[in-house]
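As structure tokens, the structure follows; a few thoughts come after it.
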Number of protein chains: 2
Amino acid sequence: MKVIAMAGGVGGAKLVEGLAQVLHPNSLSVIVNTGDDFQHLGLYICPDLDTVCYTLAGKANPTSGWGRADESWNVFDEIRRLGGADWFHLGDNDLATHIMRTFYLEQGWRLSEITAKFCKTWGVRVRIFPMTDDRVATVVLTKEGNELAFQEYFVHQRCEPMVAGFRFEGKANAQPADGVIDAIESADLIVICPSNPWVSINPILSIPGIREHILHKKVIAVSPIIGGLTVKGPAAKMYAELGIEPSAIAVAQSYHGLIHALVIDNQDALQASQINDWGIMTLITKTLMDNGSDRERLAKEILDFSASIL
Amino acid sequence: MKVIAMAGGVGGAKLVEGLAQVLHPNSLSVIVNTGDDFQHLGLYICPDLDTVCYTLAGKANPTSGWGRADESWNVFDEIRRLGGADWFHLGDNDLATHIMRTFYLEQGWRLSEITAKFCKTWGVRVRIFPMTDDRVATVVLTKEGNELAFQEYFVHQRCEPMVAGFRFEGKANAQPADGVIDAIESADLIVICPSNPWVSINPILSIPGIREHILHKKVIAVSPIIGGLTVKGPAAKMYAELGIEPSAIAVAQSYHGLIHALVIDNQDALQASQINDWGIMTLITKTLMDNGSDRERLAKEILDFSASIL
């Protein structure tokens, strides 16, 4: 059984880790959002890609979900002393990733090649794809009429501005990274991880060719909204600001026409019938992944449930 | 009394430190070789400029002479694990300098502006100029007919190739950094530090305008050759490979027509008369700077001696 996971950052990485515990490395590929990528102090940073890779490598910071475990901050402290912008935190081990990635990109390597090289070094055997090797940038449109680069909105302004919409700059001319379409083609199941639909999954689906190829596949999504809230990140806040009550139903609506099933949390069980009415099956379970065994259990339940999708 | 010091790396920085102990910060400016500058892993590195700045900031590694005191190597260790080239060592604090410099250069800042900003942060009140804000690269021509970028020769190949000559790529179109010519014009004395004449001082002198303006000034050089040897670096080896016996006399020859006096070490006292025959005065003293008080003493002796130059 070949599975593709589509993931953003922290929440997505947790389910990817669960899937990696259950599946043979050759049976799992991950397509990761790169709409959050940006340049900071001249370094090319891929927050979601790094979170997924670090998590599978066992190198992720278990507390924050981003950055590295056992991290030091020597360079960052000195950059701060030199007057460098300090709103985006860069640990020493993490910086090595960004320095080398920026260097390889300048040498003409593709992001997917660099990611594969890093994964090999880190012992990550699951194939991890950036959604594209082209530059596609998520832009947040605010109610005040501003357009904010994603990290400006997400980290620097701590998701405070009210959102009015999103734009994925560069998507029209972007191509899926080498191997992405082939991987989708040979997949038996697509799992949309509990990542933010607006700014983690939609950027992936905006890359020409990806949505079209997924339409022919069995697709299960996991709701990132539990009891009207998100575990982490601004998904619930975004739904509300866009005039949609944040709920599992809202997530089903986001993916309508694309998914066959939605995994929702026990506390959202009452929403199942309305979701089912749209022709979307539901798996009702504990979706919160508190620990490694939660991740593995949820991954197993999803794979088992996928057999019931005809 | 206004003094300009011309310096390369470690030996030059020592005398600059001595001069800074003796002179008011407004009375001393330093013009530093940037022919050694290079890009490593995408970062723009200025070894001599950093050595001089770190030394005056009290941040230089006192043992190696390059890099920072109390340095850590977390990023470099991780870069090595990621397969990055590890022949040029980059400490964490040092890396912060390179990251910020590279970033500012990409933003359009001039190297001299960046240097001034760093010096302000580090509390360095002496004015430190890169010789130019343009890119001039020292190229080492080897006897085997190769052309080596300076750091490739100096660090990667540990000065092993026999040299046949040098080229300062880009010099014809380079301009002295903003303020350099004015500083020279208003100087009462030019001190050429005990740096390598071939690859530290000659690159500075190769920048159009610098030599011409120095010709009108009192110039004292300090021989980097003591008893036929150099304290550090390949100067003696270079003289020998170019067919010149390394000596204070050879240094006098290098600067003939430019300097009024040469400071030579006690053990080279017998060479004084031949140097004097060329119309170059000599100050014979202990030129080896073992410690801070040596640096200060030598600086004082040079300034005192300069009064005897008519």
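Each chain in the structure tokens gets a letter, A, B and so on, in the order shown; residues start at 1 in every chain, and ligands are counted from 1 in the order they appear.
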Within 6 Å of chain B, which residues belong to chain A? Use only C-alpha atoms and report them as a ChimeraX atom specification. /A:41-42,75,78-79,92-93,96,103
Same residues, N, CA and C atoms, output as a PDB file, in the first residue's frame:
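again-v8.pdb was written with the following content:
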```
ATOM      1  N   LEU A  41      17.466  37.361   6.878  1.00  0.00           N
ATOM      2  CA  LEU A  41      18.896  37.670   6.971  1.00  0.00           C
ATOM      3  C   LEU A  41      19.671  37.014   5.830  1.00  0.00           C
ATOM      4  N   GLY A  42      19.009  36.942   4.686  1.00  0.00           N
ATOM      5  CA  GLY A  42      19.675  36.391   3.503  1.00  0.00           C
ATOM      6  C   GLY A  42      19.656  34.875   3.422  1.00  0.00           C
ATOM      7  N   VAL A  75      24.832  31.814  17.695  1.00  0.00           N
ATOM      8  CA  VAL A  75      24.891  32.720  16.555  1.00  0.00           C
ATOM      9  C   VAL A  75      23.764  33.751  16.651  1.00  0.00           C
ATOM     10  N   GLU A  78      24.419  36.508  18.984  1.00  0.00           N
ATOM     11  CA  GLU A  78      25.404  37.452  18.454  1.00  0.00           C
ATOM     12  C   GLU A  78      24.796  38.291  17.328  1.00  0.00           C
ATOM     13  N   ILE A  79      23.943  37.681  16.520  1.00  0.00           N
ATOM     14  CA  ILE A  79      23.241  38.434  15.471  1.00  0.00           C
ATOM     15  C   ILE A  79      22.388  39.529  16.110  1.00  0.00           C
ATOM     16  N   ASP A  92      21.336  27.249  16.472  1.00  0.00           N
ATOM     17  CA  ASP A  92      22.602  26.960  15.794  1.00  0.00           C
ATOM     18  C   ASP A  92      22.500  25.780  14.825  1.00  0.00           C
ATOM     19  N   ASN A  93      21.905  24.677  15.287  1.00  0.00           N
ATOM     20  CA  ASN A  93      21.801  23.509  14.401  1.00  0.00           C
ATOM     21  C   ASN A  93      20.878  23.798  13.227  1.00  0.00           C
ATOM     22  N   ALA A  96      22.556  25.816  10.534  1.00  0.00           N
ATOM     23  CA  ALA A  96      23.409  25.032   9.626  1.00  0.00           C
ATOM     24  C   ALA A  96      22.572  24.564   8.433  1.00  0.00           C
ATOM     25  N   PHE A 103      23.170  27.993   0.364  1.00  0.00           N
ATOM     26  CA  PHE A 103      24.367  27.793  -0.452  1.00  0.00           C
ATOM     27  C   PHE A 103      24.072  26.880  -1.654  1.00  0.00           C
TER      28      PHE A 103
END
```
Near-Ala250 in chain B list (12 Å; only C-alpha atoms; drop same-chain fewer than 6 positions) as a count of residues only: 26
Could you give me, as an mmCIF file with N, CA and C atoms, in the first residue's frame, the residues within 10 Å of Gln157 in chain B, counting only C-alpha atoms and dropping anything in the same chain fewer than 6 positions from it?
```cif
data_model
loop_
_atom_site.group_PDB
_atom_site.id
_atom_site.type_symbol
_atom_site.label_atom_id
_atom_site.label_comp_id
_atom_site.auth_asym_id
_atom_site.auth_seq_id
_atom_site.Cartn_x
_atom_site.Cartn_y
_atom_site.Cartn_z
ATOM 1 N N TRP B 87 37.155 23.030 5.405
ATOM 2 C CA TRP B 87 38.565 23.451 5.463
ATOM 3 C C TRP B 87 38.714 24.868 5.980
ATOM 4 N N LEU B 148 45.403 30.281 -8.121
ATOM 5 C CA LEU B 148 44.611 29.877 -6.958
ATOM 6 C C LEU B 148 43.987 31.098 -6.282
ATOM 7 N N PHE B 150 42.965 33.200 -3.201
ATOM 8 C CA PHE B 150 43.883 33.318 -2.076
ATOM 9 C C PHE B 150 43.606 32.322 -0.948
ATOM 10 N N GLN B 151 42.378 32.204 -0.517
ATOM 11 C CA GLN B 151 42.090 31.299 0.608
ATOM 12 C C GLN B 151 42.280 29.835 0.226
#
```
Which one is closest to Val124 in chain A: A:Cys46, A:Leu28, A:Leu189, A:Met281? Count only C-alpha atoms.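 With only C-alpha atoms as the atom set, the closest residue is A:Leu28.
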As a short mmCIF file (atom, residue, chain, number, x, y, z; two decimals) with C-alpha atoms, in the first residue's frame, list the residues of range 11-128 of chain B assigned to strand (DSSP E) by DSSP on the backbone atoms of this structure.
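result.cif, freshly written:
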```cif
data_model
loop_
_atom_site.label_atom_id
_atom_site.label_comp_id
_atom_site.auth_asym_id
_atom_site.auth_seq_id
_atom_site.Cartn_x
_atom_site.Cartn_y
_atom_site.Cartn_z
CA LEU B 28 44.26 56.72 14.07
CA SER B 29 42.68 55.21 10.97
CA VAL B 30 43.40 51.78 9.57
CA ILE B 31 43.24 50.71 5.93
CA VAL B 32 42.85 46.97 5.76
CA PHE B 38 36.01 35.34 -0.35
CA GLN B 39 32.67 33.62 -0.30
CA HIS B 40 32.42 30.41 1.63
CA LEU B 43 28.80 33.83 3.15
CA TYR B 44 31.01 36.82 2.46
CA ILE B 45 34.10 36.57 4.63
CA ARG B 127 38.18 54.26 12.10
CA ILE B 128 38.72 51.07 10.12
#
```
If we count only C-alpha atoms, what is near Val22 in chain B at a cut-off of 8 Å, once residues fewer than 4 positions away on the same chain are taken out, given as an NGL selection string? :B and (18 or 296 or 299-300)
Could you tell me how far CA of Ser186 in chain B sits from CA of Lys14 in chain B, in Å to one decimal place? 23.7 Å
For Phe129 in chain A, find every residue with an atom within 12 Å (counting only C-alpha atoms), except residues of its own chain fewer than 5 positions away, and show them as a JSON list (two decimals) with N, CA and C atoms, in the first residue's frame.
```json
[["chain", "number", "residue", "atom", "x", "y", "z"],
["A", 4, "ILE", "N", 0.44, 8.75, 0.33],
["A", 4, "ILE", "CA", 1.00, 10.11, 0.26],
["A", 4, "ILE", "C", 0.38, 10.91, 1.38],
["A", 5, "ALA", "N", 1.20, 11.56, 2.18],
["A", 5, "ALA", "CA", 0.69, 12.49, 3.17],
["A", 5, "ALA", "C", 0.95, 13.90, 2.67],
["A", 6, "MET", "N", -0.03, 14.76, 2.85],
["A", 6, "MET", "CA", 0.15, 16.19, 2.53],
["A", 6, "MET", "C", 0.18, 16.93, 3.85],
["A", 7, "ALA", "N", 1.21, 17.71, 4.06],
["A", 7, "ALA", "CA", 1.41, 18.27, 5.39],
["A", 7, "ALA", "C", 1.94, 19.70, 5.37],
["A", 8, "GLY", "N", 1.55, 20.42, 6.41],
["A", 8, "GLY", "CA", 2.17, 21.71, 6.71],
["A", 8, "GLY", "C", 3.19, 21.48, 7.80],
["A", 28, "LEU", "N", 5.62, 5.29, 1.97],
["A", 28, "LEU", "CA", 5.14, 6.60, 2.39],
["A", 28, "LEU", "C", 5.95, 7.71, 1.73],
["A", 29, "SER", "N", 5.25, 8.67, 1.14],
["A", 29, "SER", "CA", 5.89, 9.91, 0.67],
["A", 29, "SER", "C", 5.11, 11.07, 1.27],
["A", 30, "VAL", "N", 5.80, 12.18, 1.44],
["A", 30, "VAL", "CA", 5.16, 13.34, 2.04],
["A", 30, "VAL", "C", 5.34, 14.53, 1.11],
["A", 31, "ILE", "N", 4.25, 15.23, 0.85],
["A", 31, "ILE", "CA", 4.33, 16.48, 0.07],
["A", 31, "ILE", "C", 4.11, 17.62, 1.06],
["A", 32, "VAL", "N", 5.08, 18.50, 1.14],
["A", 32, "VAL", "CA", 5.06, 19.51, 2.20],
["A", 32, "VAL", "C", 4.88, 20.91, 1.62],
["A", 33, "ASN", "N", 4.08, 21.68, 2.29],
["A", 33, "ASN", "CA", 3.86, 23.08, 1.96],
["A", 33, "ASN", "C", 5.16, 23.88, 1.99],
["A", 34, "THR", "N", 5.39, 24.66, 0.95],
["A", 34, "THR", "CA", 6.54, 25.57, 0.98],
["A", 34, "THR", "C", 6.10, 27.03, 0.81],
["A", 48, "ASP", "N", 8.03, 24.60, 7.19],
["A", 48, "ASP", "CA", 7.26, 23.36, 7.23],
["A", 48, "ASP", "C", 8.12, 22.16, 6.82],
["A", 49, "LEU", "N", 8.90, 22.37, 5.79],
["A", 49, "LEU", "CA", 9.77, 21.29, 5.32],
["A", 49, "LEU", "C", 10.72, 20.86, 6.44],
["A", 50, "ASP", "N", 11.28, 21.84, 7.13],
["A", 50, "ASP", "CA", 12.21, 21.52, 8.21],
["A", 50, "ASP", "C", 11.49, 20.82, 9.36],
["A", 52, "VAL", "N", 8.86, 18.91, 9.25],
["A", 52, "VAL", "CA", 8.58, 17.52, 8.88],
["A", 52, "VAL", "C", 9.87, 16.69, 8.90],
["A", 53, "CYS", "N", 10.92, 17.23, 8.29],
["A", 53, "CYS", "CA", 12.19, 16.48, 8.24],
["A", 53, "CYS", "C", 12.77, 16.27, 9.63],
["A", 110, "ARG", "N", 18.11, 22.14, -6.86],
["A", 110, "ARG", "CA", 16.68, 22.31, -6.61],
["A", 110, "ARG", "C", 16.38, 22.00, -5.13],
["A", 111, "LEU", "N", 15.34, 22.65, -4.62],
["A", 111, "LEU", "CA", 14.97, 22.43, -3.22],
["A", 111, "LEU", "C", 14.71, 20.95, -2.94],
["A", 112, "SER", "N", 14.10, 20.26, -3.89],
["A", 112, "SER", "CA", 13.81, 18.83, -3.68],
["A", 112, "SER", "C", 15.10, 18.01, -3.59],
["A", 113, "GLU", "N", 16.10, 18.39, -4.36],
["A", 113, "GLU", "CA", 17.40, 17.69, -4.28],
["A", 113, "GLU", "C", 18.07, 17.93, -2.93],
["A", 114, "ILE", "N", 18.00, 19.18, -2.50],
["A", 114, "ILE", "CA", 18.62, 19.53, -1.22],
["A", 114, "ILE", "C", 17.93, 18.79, -0.08],
["A", 115, "THR", "N", 16.59, 18.76, -0.15],
["A", 115, "THR", "CA", 15.82, 18.07, 0.88],
["A", 115, "THR", "C", 16.20, 16.58, 0.92],
["A", 116, "ALA", "N", 16.33, 15.99, -0.26],
["A", 116, "ALA", "CA", 16.69, 14.57, -0.32],
["A", 116, "ALA", "C", 18.09, 14.35, 0.27],
["A", 117, "LYS", "N", 18.99, 15.27, -0.02],
["A", 117, "LYS", "CA", 20.36, 15.15, 0.51],
["A", 117, "LYS", "C", 20.35, 15.25, 2.04],
["A", 118, "PHE", "N", 19.64, 16.24, 2.56],
["A", 118, "PHE", "CA", 19.57, 16.41, 4.01],
["A", 118, "PHE", "C", 18.95, 15.16, 4.65],
["A", 119, "CYS", "N", 17.86, 14.66, 4.05],
["A", 119, "CYS", "CA", 17.17, 13.51, 4.63],
["A", 119, "CYS", "C", 18.11, 12.30, 4.67],
["A", 176, "PRO", "N", 4.81, 21.13, -9.88],
["A", 176, "PRO", "CA", 5.09, 20.23, -8.75],
["A", 176, "PRO", "C", 6.57, 19.81, -8.79],
["A", 177, "ALA", "N", 7.15, 19.62, -7.64],
["A", 177, "ALA", "CA", 8.55, 19.18, -7.61],
["A", 177, "ALA", "C", 8.67, 17.84, -8.33],
["A", 178, "ASP", "N", 9.84, 17.62, -8.90],
["A", 178, "ASP", "CA", 10.12, 16.35, -9.59],
["A", 178, "ASP", "C", 9.71, 15.17, -8.74],
["A", 179, "GLY", "N", 8.92, 14.29, -9.30],
["A", 179, "GLY", "CA", 8.56, 13.07, -8.57],
["A", 179, "GLY", "C", 7.23, 13.16, -7.86],
["A", 180, "VAL", "N", 6.72, 14.38, -7.66],
["A", 180, "VAL", "CA", 5.46, 14.54, -6.90],
["A", 180, "VAL", "C", 4.30, 13.88, -7.65],
["A", 181, "ILE", "N", 4.17, 14.19, -8.93],
["A", 181, "ILE", "CA", 3.03, 13.65, -9.69],
["A", 181, "ILE", "C", 3.14, 12.12, -9.82],
["A", 182, "ASP", "N", 4.35, 11.63, -10.06],
["A", 182, "ASP", "CA", 4.55, 10.18, -10.12],
["A", 182, "ASP", "C", 4.16, 9.53, -8.80],
["A", 183, "ALA", "N", 4.54, 10.17, -7.72],
["A", 183, "ALA", "CA", 4.23, 9.60, -6.40],
["A", 183, "ALA", "C", 2.72, 9.57, -6.19],
["A", 184, "ILE", "N", 2.05, 10.65, -6.58],
["A", 184, "ILE", "CA", 0.58, 10.67, -6.44],
["A", 184, "ILE", "C", -0.03, 9.58, -7.31],
["A", 204, "ILE", "N", -0.50, 23.79, -1.31],
["A", 204, "ILE", "CA", -0.09, 22.56, -2.02],
["A", 204, "ILE", "C", -1.06, 22.29, -3.17]]
```
Leu15 in chain A environment, 8 Å, only C-alpha atoms, sequence neighbours closer than 6 positions dropped, as a list in words: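 Once the adjacent positions are removed, what remains is Cys193, Pro194, Met289, Arg295, Glu296, Leu298 and Ala299 of chain A.
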Quick one: everything within 12 Å of range 166-170 of chain A, counting only C-alpha atoms, minus sequence neighbours fewer than 2 positions away in the same chain. Send it as a ChimeraX atom specification. /A:33-37,132-143,145-150,153,162-164,172-175,197-208,238,242
